[in-house]
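Report on the following structure.
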Amino acid sequence: MAFPASYLDKSTAIMNSINKDLSKEFKTLVKFYLYSPASIPKVPNNIEAFSEDHLTRLAQKFSTGRAVKPPAPPSTIPDSMVSIILQYYFDIKSSELEKISKEHSLSMGAENIVGDLLERYIASVIENKGWVWCTGSTVKAGDFIKEISNDKWIVLQIKNRDNSENSSSSAIRDGTDIKKWFRTFSRRNETNWDAFPDDNLKQYLSEESFKKFVIVYLEELKKIIKQDNGS
């Protein structure tokens with residue numbers, strides 16, 4: 001079972017009511033759904049599968065997924081045993097443990113958002129060149145999609161590191177070309193931009209360009225948060 005073909009045109013009206021700037025991209029996503037229903041995420045129990053409400057929910061997720069996300073430390077309470085190990089095995093002074101714990105928490109918060117920043121950067125380069133960023137986890141096992149022809153699509157799954165766990169792609173239609181790419185190697189200090197799976201676009205992607213994007217994004221984000229706080 002899948003969305004009715006009539007929903008392809010209806011998708012524009014649905015997204016127009018949420019975010020007009022994303023209507024074209026969302027329509028392409030719905031077209032991909034018609035081609036590959038298995039790529040549609042699991043339907044919540046309170047929504048009828050493949051209904052207009054279902055499509056509206058996907059549109060909302062697609063739009064909300066593009067909202068800015070500030071880095072945030074983990075909300076979990078750190079394990080006190082970590083400090084014991086640092087102090088009694090690694091000879092860290094007790095006076096430094098609190099500072100180290102705080103810095104570790106901030107580091108984890110920064111690390112957790114790198115993947116999101118990576119997708120945002122890539123989207124800023126390739127989305128106006130035929131690709132669509134599948135924000136809001138709106139495609140199983142895929143972060144970007146691109147239509148090659150009426151009967152062939154590319155699904156791109158990206159990870160920040162080569163040891164990041166890849167989600168299963170077995171549910172995607174066999175005729176879909178699934179490409180997987182990672183940014184950095186976990187055991188050597190190198191990046192993988194030269195292996196980006198779109199030969200026509202990889203010339204526009206680089207680690208230096210990514211760094212510049214992140215700096216500008218974070219500086220603008222701090223300004224927005226400062227304004228929202230009235231300071």
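Residue numbering restarts at 1 for every chain of the structure tokens, chains are lettered A, B, ... in their displayed order, and ligands are numbered from 1 as they appear.
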
- Item | Contacts of region 178-181 of chain A at 7 Å (only C-alpha atoms; same-chain gap of 6+ positions) as a ChimeraX atom specification | /A:154-159,196-197

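Residue neighbourhood of region 210-227 of chain A, excluding near-sequence residues (fewer than 5 positions): Val68, Pro70, Leu117, Leu118, Tyr121 and Leu205 of chain A, at 8 Å, using only C-alpha atoms.
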
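Distances here use only C-alpha atoms; by that measure, the residue among A:Lys31, A:Arg187, A:Lys69, A:Lys129 closest to Gly115 (chain A) is A:Lys69.
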
- Task: Name the residues of chain A that fall into strand (DSSP E or B) according to DSSP on the backbone, using the chain letters and numbers of this document, as a ChimeraX atom specification.
- Result: /A:131-133,144-149,152-161,177-184,191

Put those residues in a file: C-alpha atoms, as a PDB file, in the first residue's frame.
ATOM      1  CA  TRP A 131      19.075  16.722  -4.675  1.00  0.00           C
ATOM      2  CA  VAL A 132      16.504  16.956  -1.873  1.00  0.00           C
ATOM      3  CA  TRP A 133      17.470  16.915   1.811  1.00  0.00           C
ATOM      4  CA  PHE A 144      19.229  12.907   0.445  1.00  0.00           C
ATOM      5  CA  ILE A 145      17.405  11.765  -2.690  1.00  0.00           C
ATOM      6  CA  LYS A 146      17.771  12.614  -6.359  1.00  0.00           C
ATOM      7  CA  GLU A 147      15.691  11.609  -9.359  1.00  0.00           C
ATOM      8  CA  ILE A 148      17.820  10.365 -12.242  1.00  0.00           C
ATOM      9  CA  SER A 149      14.934   9.463 -14.541  1.00  0.00           C
ATOM     10  CA  LYS A 152      15.427   5.558 -11.207  1.00  0.00           C
ATOM     11  CA  TRP A 153      16.437   7.428  -8.064  1.00  0.00           C
ATOM     12  CA  ILE A 154      19.569   7.803  -5.974  1.00  0.00           C
ATOM     13  CA  VAL A 155      19.362   7.648  -2.191  1.00  0.00           C
ATOM     14  CA  LEU A 156      22.343   9.069  -0.342  1.00  0.00           C
ATOM     15  CA  GLN A 157      23.083   8.024   3.220  1.00  0.00           C
ATOM     16  CA  ILE A 158      25.788  10.039   4.966  1.00  0.00           C
ATOM     17  CA  LYS A 159      27.666   9.548   8.214  1.00  0.00           C
ATOM     18  CA  ASN A 160      30.212  11.697   9.958  1.00  0.00           C
ATOM     19  CA  ARG A 161      32.715   8.873  10.562  1.00  0.00           C
ATOM     20  CA  ASP A 177      20.673   3.239  -6.225  1.00  0.00           C
ATOM     21  CA  ILE A 178      21.727   3.616  -2.577  1.00  0.00           C
ATOM     22  CA  LYS A 179      25.024   5.359  -2.000  1.00  0.00           C
ATOM     23  CA  LYS A 180      26.763   5.571   1.364  1.00  0.00           C
ATOM     24  CA  TRP A 181      29.407   8.125   2.269  1.00  0.00           C
ATOM     25  CA  PHE A 182      31.232   9.220   5.410  1.00  0.00           C
ATOM     26  CA  ARG A 183      33.195  12.395   6.135  1.00  0.00           C
ATOM     27  CA  THR A 184      36.098  11.300   8.361  1.00  0.00           C
ATOM     28  CA  THR A 191      38.715  13.288   5.386  1.00  0.00           C
TER      29      THR A 191
END

- Query: Counting only C-alpha atoms, what is within 7 Å of region 44-57 of chain A, bar same-chain residues fewer than 3 positions away, as a list in words?
  - Reply: Ala2, Phe3, Ile14, Gln60 and Lys61 of chain A

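Near Asn19 (chain A), within a cut-off of 8 Å and counting only C-alpha atoms, sit the residues Met15, Ser23 and Ser63 of chain A, with same-chain residues fewer than 4 positions away left out.
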
- Message: Using DSSP assignments from the backbone, pull out every residue in region 93-196 of chain A that falls under alpha helix (DSSP H) and give it to me as number ranges by chain.
- Response: A: 97-126

Please save N, CA and C atoms of the selected residues as a compact mmCIF listing (two decimals), in the first residue's frame.
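Saved as out_35.txt:
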# COMPACT_ATOMS: atom_id res chain seq x y z
N LEU A 97 38.60 17.96 38.53
CA LEU A 97 37.60 17.00 38.06
C LEU A 97 36.31 17.67 37.61
N GLU A 98 35.84 18.64 38.38
CA GLU A 98 34.58 19.31 38.01
C GLU A 98 34.72 20.03 36.68
N LYS A 99 35.84 20.70 36.47
CA LYS A 99 36.10 21.41 35.22
C LYS A 99 36.15 20.43 34.04
N ILE A 100 36.83 19.31 34.25
CA ILE A 100 36.94 18.30 33.20
C ILE A 100 35.57 17.72 32.86
N SER A 101 34.77 17.46 33.89
CA SER A 101 33.42 16.91 33.68
C SER A 101 32.56 17.86 32.86
N LYS A 102 32.65 19.16 33.17
CA LYS A 102 31.87 20.15 32.44
C LYS A 102 32.33 20.24 30.98
N GLU A 103 33.64 20.25 30.80
CA GLU A 103 34.18 20.35 29.44
C GLU A 103 33.85 19.10 28.63
N HIS A 104 33.85 17.96 29.29
CA HIS A 104 33.48 16.71 28.61
C HIS A 104 32.03 16.75 28.16
N SER A 105 31.16 17.29 29.01
CA SER A 105 29.75 17.40 28.67
C SER A 105 29.55 18.32 27.47
N LEU A 106 30.27 19.44 27.47
CA LEU A 106 30.18 20.38 26.33
C LEU A 106 30.72 19.73 25.06
N SER A 107 31.80 18.96 25.21
CA SER A 107 32.38 18.28 24.06
C SER A 107 31.40 17.27 23.47
N MET A 108 30.69 16.55 24.33
CA MET A 108 29.70 15.59 23.86
C MET A 108 28.56 16.30 23.13
N GLY A 109 28.14 17.45 23.67
CA GLY A 109 27.10 18.23 23.01
C GLY A 109 27.53 18.69 21.64
N ALA A 110 28.79 19.11 21.53
CA ALA A 110 29.33 19.54 20.24
C ALA A 110 29.41 18.37 19.27
N GLU A 111 29.87 17.23 19.77
CA GLU A 111 30.01 16.05 18.91
C GLU A 111 28.65 15.57 18.40
N ASN A 112 27.64 15.69 19.24
CA ASN A 112 26.31 15.20 18.86
C ASN A 112 25.67 15.99 17.73
N ILE A 113 26.13 17.22 17.52
CA ILE A 113 25.49 18.06 16.50
C ILE A 113 26.28 18.10 15.20
N VAL A 114 27.46 17.48 15.17
CA VAL A 114 28.28 17.52 13.96
C VAL A 114 27.54 16.90 12.78
N GLY A 115 26.84 15.79 13.03
CA GLY A 115 26.12 15.13 11.94
C GLY A 115 25.06 16.03 11.33
N ASP A 116 24.34 16.77 12.19
CA ASP A 116 23.32 17.70 11.70
C ASP A 116 23.96 18.82 10.89
N LEU A 117 25.06 19.35 11.37
CA LEU A 117 25.77 20.41 10.65
C LEU A 117 26.29 19.91 9.31
N LEU A 118 26.74 18.67 9.29
CA LEU A 118 27.24 18.08 8.05
C LEU A 118 26.13 18.02 7.00
N GLU A 119 24.96 17.56 7.41
CA GLU A 119 23.82 17.50 6.47
C GLU A 119 23.44 18.89 5.99
N ARG A 120 23.43 19.86 6.90
CA ARG A 120 23.07 21.23 6.53
C ARG A 120 24.05 21.80 5.51
N TYR A 121 25.33 21.54 5.73
CA TYR A 121 26.34 22.02 4.80
C TYR A 121 26.17 21.40 3.42
N ILE A 122 26.05 20.08 3.39
CA ILE A 122 25.89 19.40 2.11
C ILE A 122 24.63 19.89 1.40
N ALA A 123 23.54 20.04 2.16
CA ALA A 123 22.29 20.53 1.57
C ALA A 123 22.47 21.92 0.96
N SER A 124 23.26 22.77 1.62
CA SER A 124 23.46 24.13 1.12
C SER A 124 24.17 24.15 -0.22
N VAL A 125 24.89 23.07 -0.52
CA VAL A 125 25.63 22.98 -1.77
C VAL A 125 24.86 22.23 -2.85
N ILE A 126 24.21 21.13 -2.49
CA ILE A 126 23.66 20.24 -3.53
C ILE A 126 22.15 20.33 -3.72

- Task: Pick out the residues sitting within 10 Å of Ile84 (chain A), and hand them over as an MDAnalysis selection string; count only C-alpha atoms, and ignore anything fewer than 6 positions along from it in its own chain.
- Result: chainID A and resid 90:92 94 97

Saved selection, atoms kept: N, CA and C atoms, as a tab-separated table (two decimals), in the first residue's frame:
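New file result-v9.tsv:
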chain	number	residue	atom	x	y	z
A	90	PHE	N	44.45	7.96	36.23
A	90	PHE	CA	45.12	8.91	35.34
A	90	PHE	C	45.74	10.09	36.10
A	91	ASP	N	45.66	10.04	37.44
A	91	ASP	CA	46.32	11.03	38.31
A	91	ASP	C	45.86	12.46	38.06
A	92	ILE	N	44.56	12.62	37.75
A	92	ILE	CA	43.99	13.95	37.61
A	92	ILE	C	43.70	14.50	39.00
A	94	SER	N	41.99	16.27	42.08
A	94	SER	CA	40.58	16.36	42.46
A	94	SER	C	40.01	17.74	42.19
A	97	LEU	N	38.60	17.96	38.53
A	97	LEU	CA	37.60	17.00	38.06
A	97	LEU	C	36.31	17.67	37.61

- Message: Can you measure CA of Thr135 (chain A) to CA of Thr64 (chain A) for me? One decimal in Å is fine.
- Response: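 The value is 7.9 Å.
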
- Message: To one decimal place in Å, what is the distance between CA of Asp151 (chain A) and CA of Tyr35 (chain A)?
- Response: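 That distance, rounded to one decimal, is 7.7 Å.
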
- Task: Take CA of Asp162 (chain A) and CA of Phe185 (chain A) and report the distance between them in Å, one decimal.
- Result: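 Going from CA of Asp162 (chain A) over to CA of Phe185 (chain A), I get 5.3 Å.
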